[in-house]
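Content type PDB, C-alpha atoms, from the file run_14.pdb:
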ATOM      1  CA  MET V   1      26.771   5.796 -11.376
ATOM      2  CA  LEU V   2      24.964   4.652  -8.227
ATOM      3  CA  GLY V   3      22.554   7.591  -8.457
ATOM      4  CA  LYS V   4      21.540   6.655 -12.004
ATOM      5  CA  THR V   5      21.031   3.025 -10.995
ATOM      6  CA  MET V   6      18.900   4.022  -8.012
ATOM      7  CA  LYS V   7      16.846   6.392 -10.158
ATOM      8  CA  LYS V   8      16.282   3.643 -12.735
ATOM      9  CA  MET V   9      15.238   1.180 -10.007
ATOM     10  CA  ASP V  10      12.878   3.792  -8.549
ATOM     11  CA  THR V  11      11.294   4.309 -11.963
ATOM     12  CA  ILE V  12      10.838   0.567 -12.466
ATOM     13  CA  VAL V  13       9.333   0.053  -8.997
ATOM     14  CA  SER V  14       7.042   3.046  -9.510
ATOM     15  CA  GLN V  15       5.793   1.593 -12.791
ATOM     16  CA  ILE V  16       5.197  -1.789 -11.141
ATOM     17  CA  GLU V  17       3.231  -0.149  -8.318
ATOM     18  CA  GLU V  18       1.076   1.900 -10.655
ATOM     19  CA  TRP V  19       0.361  -1.017 -12.999
ATOM     20  CA  ALA V  20      -0.394  -3.294 -10.058
ATOM     21  CA  LEU V  21      -2.931  -0.769  -8.794
ATOM     22  CA  PHE V  22      -4.473  -0.511 -12.255
ATOM     23  CA  VAL V  23      -4.742  -4.280 -12.692
ATOM     24  CA  MET V  24      -6.163  -4.784  -9.199
ATOM     25  CA  VAL V  25      -8.816  -2.098  -9.563
ATOM     26  CA  MET V  26      -9.795  -3.355 -13.025
ATOM     27  CA  ALA V  27     -10.113  -6.919 -11.703
ATOM     28  CA  ALA V  28     -12.353  -5.688  -8.903
ATOM     29  CA  LEU V  29     -14.478  -3.617 -11.286
ATOM     30  CA  LEU V  30     -14.890  -6.470 -13.751
ATOM     31  CA  SER V  31     -15.805  -8.973 -11.056
ATOM     32  CA  LEU V  32     -18.322  -6.562  -9.523
ATOM     33  CA  PHE V  33     -19.788  -5.837 -12.960
ATOM     34  CA  ALA V  34     -20.115  -9.578 -13.646
ATOM     35  CA  ASN V  35     -21.754 -10.019 -10.244
ATOM     36  CA  VAL V  36     -24.299  -7.258 -10.947
ATOM     37  CA  VAL V  37     -25.112  -8.702 -14.369
ATOM     38  CA  CYS V  38     -25.508 -12.203 -12.955
ATOM     39  CA  ARG V  39     -27.624 -10.957 -10.072
ATOM     40  CA  TYR V  40     -30.085  -8.905 -12.105
ATOM     41  CA  VAL V  41     -30.139 -10.838 -15.380
ATOM     42  CA  PHE V  42     -29.771 -14.447 -14.232
ATOM     43  CA  ASN V  43     -30.887 -14.073 -10.593
ATOM     44  CA  TYR V  44     -27.599 -15.678  -9.495
ATOM     45  CA  THR V  45     -24.957 -14.206  -7.191
ATOM     46  CA  LEU V  46     -21.223 -14.744  -7.587
ATOM     47  CA  ALA V  47     -20.012 -15.158  -4.010
ATOM     48  CA  TRP V  48     -16.346 -15.165  -5.001
ATOM     49  CA  SER V  49     -16.696 -11.672  -6.453
ATOM     50  CA  GLU V  50     -17.230 -10.043  -3.068
ATOM     51  CA  GLU V  51     -14.329 -11.942  -1.532
ATOM     52  CA  LEU V  52     -12.062 -10.902  -4.394
ATOM     53  CA  VAL V  53     -13.054  -7.251  -3.998
ATOM     54  CA  GLY V  54     -12.240  -7.403  -0.281
ATOM     55  CA  ILE V  55      -8.765  -8.738  -1.019
ATOM     56  CA  VAL V  56      -8.255  -6.132  -3.750
ATOM     57  CA  ILE V  57      -9.225  -3.357  -1.325
ATOM     58  CA  ILE V  58      -6.618  -4.595   1.155
ATOM     59  CA  TYR V  59      -3.903  -4.830  -1.504
ATOM     60  CA  SER V  60      -4.718  -1.524  -3.173
ATOM     61  CA  THR V  61      -4.691   0.263   0.192
ATOM     62  CA  PHE V  62      -1.186  -0.921   0.992
ATOM     63  CA  VAL V  63       0.237  -0.425  -2.499
ATOM     64  CA  GLY V  64      -1.495   2.951  -2.686
ATOM     65  CA  THR V  65       0.223   4.028   0.531
ATOM     66  CA  SER V  66       3.621   3.598  -1.077
ATOM     67  CA  VAL V  67       2.500   5.473  -4.187
ATOM     68  CA  ALA V  68       1.034   8.284  -2.088
ATOM     69  CA  ILE V  69       4.278   8.727  -0.160
ATOM     70  CA  ARG V  70       6.281   8.836  -3.401
ATOM     71  CA  GLN V  71       3.962  11.460  -4.860
ATOM     72  CA  GLY V  72       3.805  13.486  -1.632
ATOM     73  CA  ALA V  73       0.051  12.964  -1.400
ATOM     74  CA  MET V  74      -0.214  11.809   2.199
ATOM     75  CA  ILE V  75      -2.847  13.518   4.311
ATOM     76  CA  ARG V  76      -1.371  16.058   6.718
ATOM     77  CA  ILE V  77      -2.674  18.518   9.229
ATOM     78  CA  ASP V  78      -0.663  21.664   8.607
ATOM     79  CA  ALA V  79      -2.314  24.179  10.921
ATOM     80  CA  LEU V  80       0.903  24.613  12.955
ATOM     81  CA  VAL V  81       2.936  25.102   9.783
ATOM     82  CA  GLN V  82       0.560  27.807   8.602
ATOM     83  CA  ILE V  83       0.669  29.579  11.960
ATOM     84  CA  PHE V  84       4.437  29.128  12.425
ATOM     85  CA  PRO V  85       6.075  28.745   8.977
ATOM     86  CA  GLY V  86       9.500  28.407  10.566
ATOM     87  CA  LEU V  87       8.526  25.033  12.027
ATOM     88  CA  LYS V  88       7.880  23.443   8.623
ATOM     89  CA  ASN V  89      11.226  21.636   8.295
ATOM     90  CA  GLY V  90      11.190  20.331  11.860
ATOM     91  CA  LEU V  91       7.593  19.149  11.715
ATOM     92  CA  THR V  92       8.148  17.505   8.330
ATOM     93  CA  PHE V  93      11.160  15.658   9.728
ATOM     94  CA  TYR V  94       9.153  14.613  12.806
ATOM     95  CA  SER V  95       6.295  13.419  10.599
ATOM     96  CA  ASN V  96       8.682  11.398   8.456
ATOM     97  CA  CYS V  97      10.269   9.836  11.546
ATOM     98  CA  LEU V  98       6.821   8.772  12.751
ATOM     99  CA  MET V  99       6.170   7.280   9.322
ATOM    100  CA  LEU V 100       9.413   5.287   9.575
ATOM    101  CA  ILE V 101       8.291   3.940  12.962
ATOM    102  CA  PHE V 102       4.921   3.037  11.456
ATOM    103  CA  ALA V 103       6.668   1.276   8.556
ATOM    104  CA  TRP V 104       8.783  -0.717  11.012
ATOM    105  CA  MET V 105       5.599  -1.706  12.866
ATOM    106  CA  MET V 106       4.021  -2.796   9.572
ATOM    107  CA  VAL V 107       7.019  -4.995   8.842
ATOM    108  CA  TYR V 108       7.294  -6.465  12.352
ATOM    109  CA  TYR V 109       3.631  -7.099  13.099
ATOM    110  CA  GLY V 110       2.844  -7.920   9.479
ATOM    111  CA  TYR V 111       5.512 -10.606   9.573
ATOM    112  CA  GLU V 112       4.100 -11.944  12.833
ATOM    113  CA  MET V 113       0.585 -12.120  11.386
ATOM    114  CA  THR V 114       1.820 -13.658   8.141
ATOM    115  CA  HIS V 115       3.809 -16.247  10.069
ATOM    116  CA  ILE V 116       0.709 -17.227  12.055
ATOM    117  CA  GLN V 117      -1.219 -17.684   8.816
ATOM    118  CA  TYR V 118       1.629 -19.779   7.428
ATOM    119  CA  ILE V 119       1.632 -22.047  10.475
ATOM    120  CA  THR V 120      -2.159 -22.466  10.653
ATOM    121  CA  HIS V 121      -2.695 -22.928   6.884
ATOM    122  CA  GLN V 122      -5.909 -20.903   6.950
ATOM    123  CA  LYS V 123      -7.682 -20.131   3.678
ATOM    124  CA  THR V 124     -10.355 -17.729   2.545
ATOM    125  CA  ILE V 125     -13.860 -19.123   2.792
ATOM    126  CA  ILE V 126     -15.009 -19.112  -0.818
ATOM    127  CA  MET V 127     -11.963 -18.850  -3.085
ATOM    128  CA  GLN V 128      -9.748 -20.999  -0.822
ATOM    129  CA  ILE V 129      -6.783 -18.635  -1.217
ATOM    130  CA  PRO V 130      -4.200 -19.209   1.534
ATOM    131  CA  LEU V 131      -4.424 -16.260   3.920
ATOM    132  CA  VAL V 132      -0.650 -16.090   4.027
ATOM    133  CA  PHE V 133      -0.855 -14.416   0.586
ATOM    134  CA  VAL V 134      -3.362 -11.880   1.858
ATOM    135  CA  TYR V 135      -1.344 -11.027   4.962
ATOM    136  CA  ALA V 136       2.038 -11.021   3.184
ATOM    137  CA  ILE V 137       1.304  -7.638   1.627
ATOM    138  CA  MET V 138       1.723  -5.933   4.993
ATOM    139  CA  PRO V 139       5.452  -6.582   5.645
ATOM    140  CA  VAL V 140       6.314  -6.162   1.963
ATOM    141  CA  MET V 141       4.618  -2.784   1.755
ATOM    142  CA  GLY V 142       6.045  -1.842   5.151
ATOM    143  CA  ILE V 143       9.472  -2.180   3.566
ATOM    144  CA  MET V 144       8.319  -0.093   0.593
ATOM    145  CA  VAL V 145       6.875   2.594   2.879
ATOM    146  CA  PHE V 146      10.190   2.673   4.752
ATOM    147  CA  ILE V 147      12.120   3.040   1.481
ATOM    148  CA  ARG V 148       9.770   5.702   0.088
ATOM    149  CA  THR V 149       9.831   7.702   3.317
ATOM    150  CA  SER V 150      13.626   7.491   3.424
ATOM    151  CA  GLN V 151      13.749   8.746  -0.170
ATOM    152  CA  LEU V 152      11.458  11.614   0.773
ATOM    153  CA  MET V 153      13.647  12.508   3.764
ATOM    154  CA  VAL V 154      16.792  12.553   1.603
ATOM    155  CA  GLN V 155      14.988  14.670  -0.985
ATOM    156  CA  ASN V 156      13.874  17.137   1.717
ATOM    157  CA  LEU V 157      17.438  17.369   3.047
ATOM    158  CA  ARG V 158      18.784  18.132  -0.431
ATOM    159  CA  ILE V 159      16.195  20.867  -0.959
ATOM    160  CA  ASN V 160      16.837  22.552   2.399
TER     161      ASN V 160
END

Could I get this structure in the form of structure tokens?
Amino acid sequence: MLGKTMKKMDTIVSQIEEWALFVMVMAALLSLFANVVCRYVFNYTLAWSEELVGIVIIYSTFVGTSVAIRQGAMIRIDALVQIFPGLKNGLTFYSNCLMLIFAWMMVYYGYEMTHIQYITHQKTIIMQIPLVFVYAIMPVMGIMVFIRTSQLMVQNLRIN
């Protein structure tokens, strides 16, 4: 029963991640397209468009990290594995442990940075979005990276 529930939750979270990426990229593309049209047709530049694209790049990078881990699409250097195939399981485990440490650092330092933004009430220059919303993606996605890496580790243990 618990396995089915976890699988259903994983499917729902995966759909949310993929749709969030789609919506973010489309928003960035539309705002950049509007900016290009305004610049060349009306000789007017939309300053908010560039700020929005910067925020979208930050968000899509962090959300994309979680998606990449789930799909097994993280960049790896596998020269040692190709030379010594017997080390594959150990090096994969080591790599996943390092990813868990990185996820913990994202959560810890992301929280610290988000807390500073919360205390100082800083906002973006043009759109006046509170920076706490921009920085909050880091600890949230750190948790997701931790969960996705843990799922990958369990999956690797079941296979081997």

Nearby residues (all atoms listed in the file) at most 10 Å from stretch 105-111 of chain V, same-chain spacing under 6 positions excluded, as a PyMOL selection string: chain V and resi 99+117+132+135-146

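Atom CA of V:Gln155 is found 11.8 Å from atom CA of V:Asn96.
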
Output of the PyMOL selection byres ((chain V and resi 63-77) around 7), listed as a VMD selection string: chain V and resid 17 59 to 62 78 to 79 141 144 to 145 148 to 149

Include C-alpha atoms and write out the residues we just selected as a JSON list (two decimals), keeping the file's coordinate frame.
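Listing of part09.json after writing:
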[["chain", "number", "residue", "atom", "x", "y", "z"],
["V", 17, "GLU", "CA", 3.23, -0.15, -8.32],
["V", 59, "TYR", "CA", -3.90, -4.83, -1.50],
["V", 60, "SER", "CA", -4.72, -1.52, -3.17],
["V", 61, "THR", "CA", -4.69, 0.26, 0.19],
["V", 62, "PHE", "CA", -1.19, -0.92, 0.99],
["V", 78, "ASP", "CA", -0.66, 21.66, 8.61],
["V", 79, "ALA", "CA", -2.31, 24.18, 10.92],
["V", 141, "MET", "CA", 4.62, -2.78, 1.76],
["V", 144, "MET", "CA", 8.32, -0.09, 0.59],
["V", 145, "VAL", "CA", 6.88, 2.59, 2.88],
["V", 148, "ARG", "CA", 9.77, 5.70, 0.09],
["V", 149, "THR", "CA", 9.83, 7.70, 3.32]]

Top pick for closest residue to V:Leu157, considering V:Glu112, V:Phe133, V:Phe93, V:Gln15 and counting only C-alpha atoms: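 Smallest distance to V:Leu157 is found for V:Phe93.
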
Spatial neighbours of V:Ile57, 12 Å, all atoms listed in the file, chain gap at least 5 places, as a list of chain:residue names: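 These residues fall inside the cut-off: V:Leu21, V:Met24, V:Val25, V:Met26, V:Ala27, V:Ala28, V:Leu29, V:Glu50, V:Glu51, V:Leu52, V:Phe62, V:Val63, V:Gly64, V:Val134, V:Ile137.
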
Atoms to include: C-alpha atoms. Write the selected residues as a CSV table (one decimal), in the coordinates of the input.
chain,number,residue,atom,x,y,z
V,21,LEU,CA,-2.9,-0.8,-8.8
V,24,MET,CA,-6.2,-4.8,-9.2
V,25,VAL,CA,-8.8,-2.1,-9.6
V,26,MET,CA,-9.8,-3.4,-13.0
V,27,ALA,CA,-10.1,-6.9,-11.7
V,28,ALA,CA,-12.4,-5.7,-8.9
V,29,LEU,CA,-14.5,-3.6,-11.3
V,50,GLU,CA,-17.2,-10.0,-3.1
V,51,GLU,CA,-14.3,-11.9,-1.5
V,52,LEU,CA,-12.1,-10.9,-4.4
V,62,PHE,CA,-1.2,-0.9,1.0
V,63,VAL,CA,0.2,-0.4,-2.5
V,64,GLY,CA,-1.5,3.0,-2.7
V,134,VAL,CA,-3.4,-11.9,1.9
V,137,ILE,CA,1.3,-7.6,1.6

d(atom CA of V:Ala103, atom CA of V:Asn156) in Å: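 These two atoms are separated by 18.7 Å.
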
Å distance separating atom CA of V:Ile83 from atom CA of V:Met153, one decimal place: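 Atom-to-atom, atom CA of V:Ile83 to atom CA of V:Met153, that is 23.0 Å.
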
Since the input is missing atoms, can you rebuild N, CA and C atoms for stretch 101-123 of chain V and write them as a CSV table (one decimal), keeping the file's coordinate frame?
chain,number,residue,atom,x,y,z
V,101,ILE,N,8.7,4.8,11.8
V,101,ILE,CA,8.3,3.9,13.0
V,101,ILE,C,7.1,3.1,12.6
V,102,PHE,N,6.1,3.8,11.9
V,102,PHE,CA,4.9,3.0,11.5
V,102,PHE,C,5.3,2.0,10.4
V,103,ALA,N,6.2,2.3,9.5
V,103,ALA,CA,6.7,1.3,8.6
V,103,ALA,C,7.3,0.1,9.2
V,104,TRP,N,8.2,0.4,10.3
V,104,TRP,CA,8.8,-0.7,11.0
V,104,TRP,C,7.7,-1.6,11.7
V,105,MET,N,6.7,-0.9,12.2
V,105,MET,CA,5.6,-1.7,12.9
V,105,MET,C,4.9,-2.6,11.8
V,106,MET,N,4.7,-2.0,10.6
V,106,MET,CA,4.0,-2.8,9.6
V,106,MET,C,4.8,-4.0,9.2
V,107,VAL,N,6.2,-3.9,9.2
V,107,VAL,CA,7.0,-5.0,8.8
V,107,VAL,C,7.0,-6.0,10.0
V,108,TYR,N,7.2,-5.5,11.2
V,108,TYR,CA,7.3,-6.5,12.4
V,108,TYR,C,6.0,-7.2,12.6
V,109,TYR,N,4.9,-6.5,12.8
V,109,TYR,CA,3.6,-7.1,13.1
V,109,TYR,C,3.0,-7.8,11.9
V,110,GLY,N,3.3,-7.3,10.7
V,110,GLY,CA,2.8,-7.9,9.5
V,110,GLY,C,3.5,-9.3,9.3
V,111,TYR,N,4.8,-9.3,9.6
V,111,TYR,CA,5.5,-10.6,9.6
V,111,TYR,C,4.9,-11.6,10.6
V,112,GLU,N,4.7,-11.1,11.8
V,112,GLU,CA,4.1,-11.9,12.8
V,112,GLU,C,2.8,-12.5,12.4
V,113,MET,N,1.9,-11.7,11.8
V,113,MET,CA,0.6,-12.1,11.4
V,113,MET,C,0.7,-13.1,10.2
V,114,THR,N,1.6,-12.8,9.3
V,114,THR,CA,1.8,-13.7,8.1
V,114,THR,C,2.3,-15.0,8.6
V,115,HIS,N,3.3,-15.0,9.5
V,115,HIS,CA,3.8,-16.2,10.1
V,115,HIS,C,2.7,-17.1,10.7
V,116,ILE,N,1.8,-16.5,11.4
V,116,ILE,CA,0.7,-17.2,12.1
V,116,ILE,C,-0.2,-17.9,11.0
V,117,GLN,N,-0.4,-17.1,9.9
V,117,GLN,CA,-1.2,-17.7,8.8
V,117,GLN,C,-0.5,-18.8,8.1
V,118,TYR,N,0.8,-18.7,8.0
V,118,TYR,CA,1.6,-19.8,7.4
V,118,TYR,C,1.6,-21.1,8.3
V,119,ILE,N,1.6,-20.9,9.6
V,119,ILE,CA,1.6,-22.0,10.5
V,119,ILE,C,0.3,-22.7,10.5
V,120,THR,N,-0.8,-21.9,10.5
V,120,THR,CA,-2.2,-22.5,10.7
V,120,THR,C,-2.8,-22.9,9.3
V,121,HIS,N,-2.2,-22.5,8.2
V,121,HIS,CA,-2.7,-22.9,6.9
V,121,HIS,C,-4.1,-22.5,6.7
V,122,GLN,N,-4.5,-21.4,7.1
V,122,GLN,CA,-5.9,-20.9,7.0
V,122,GLN,C,-6.1,-20.4,5.5
V,123,LYS,N,-7.3,-20.5,5.0
V,123,LYS,CA,-7.7,-20.1,3.7
V,123,LYS,C,-8.9,-19.3,3.7
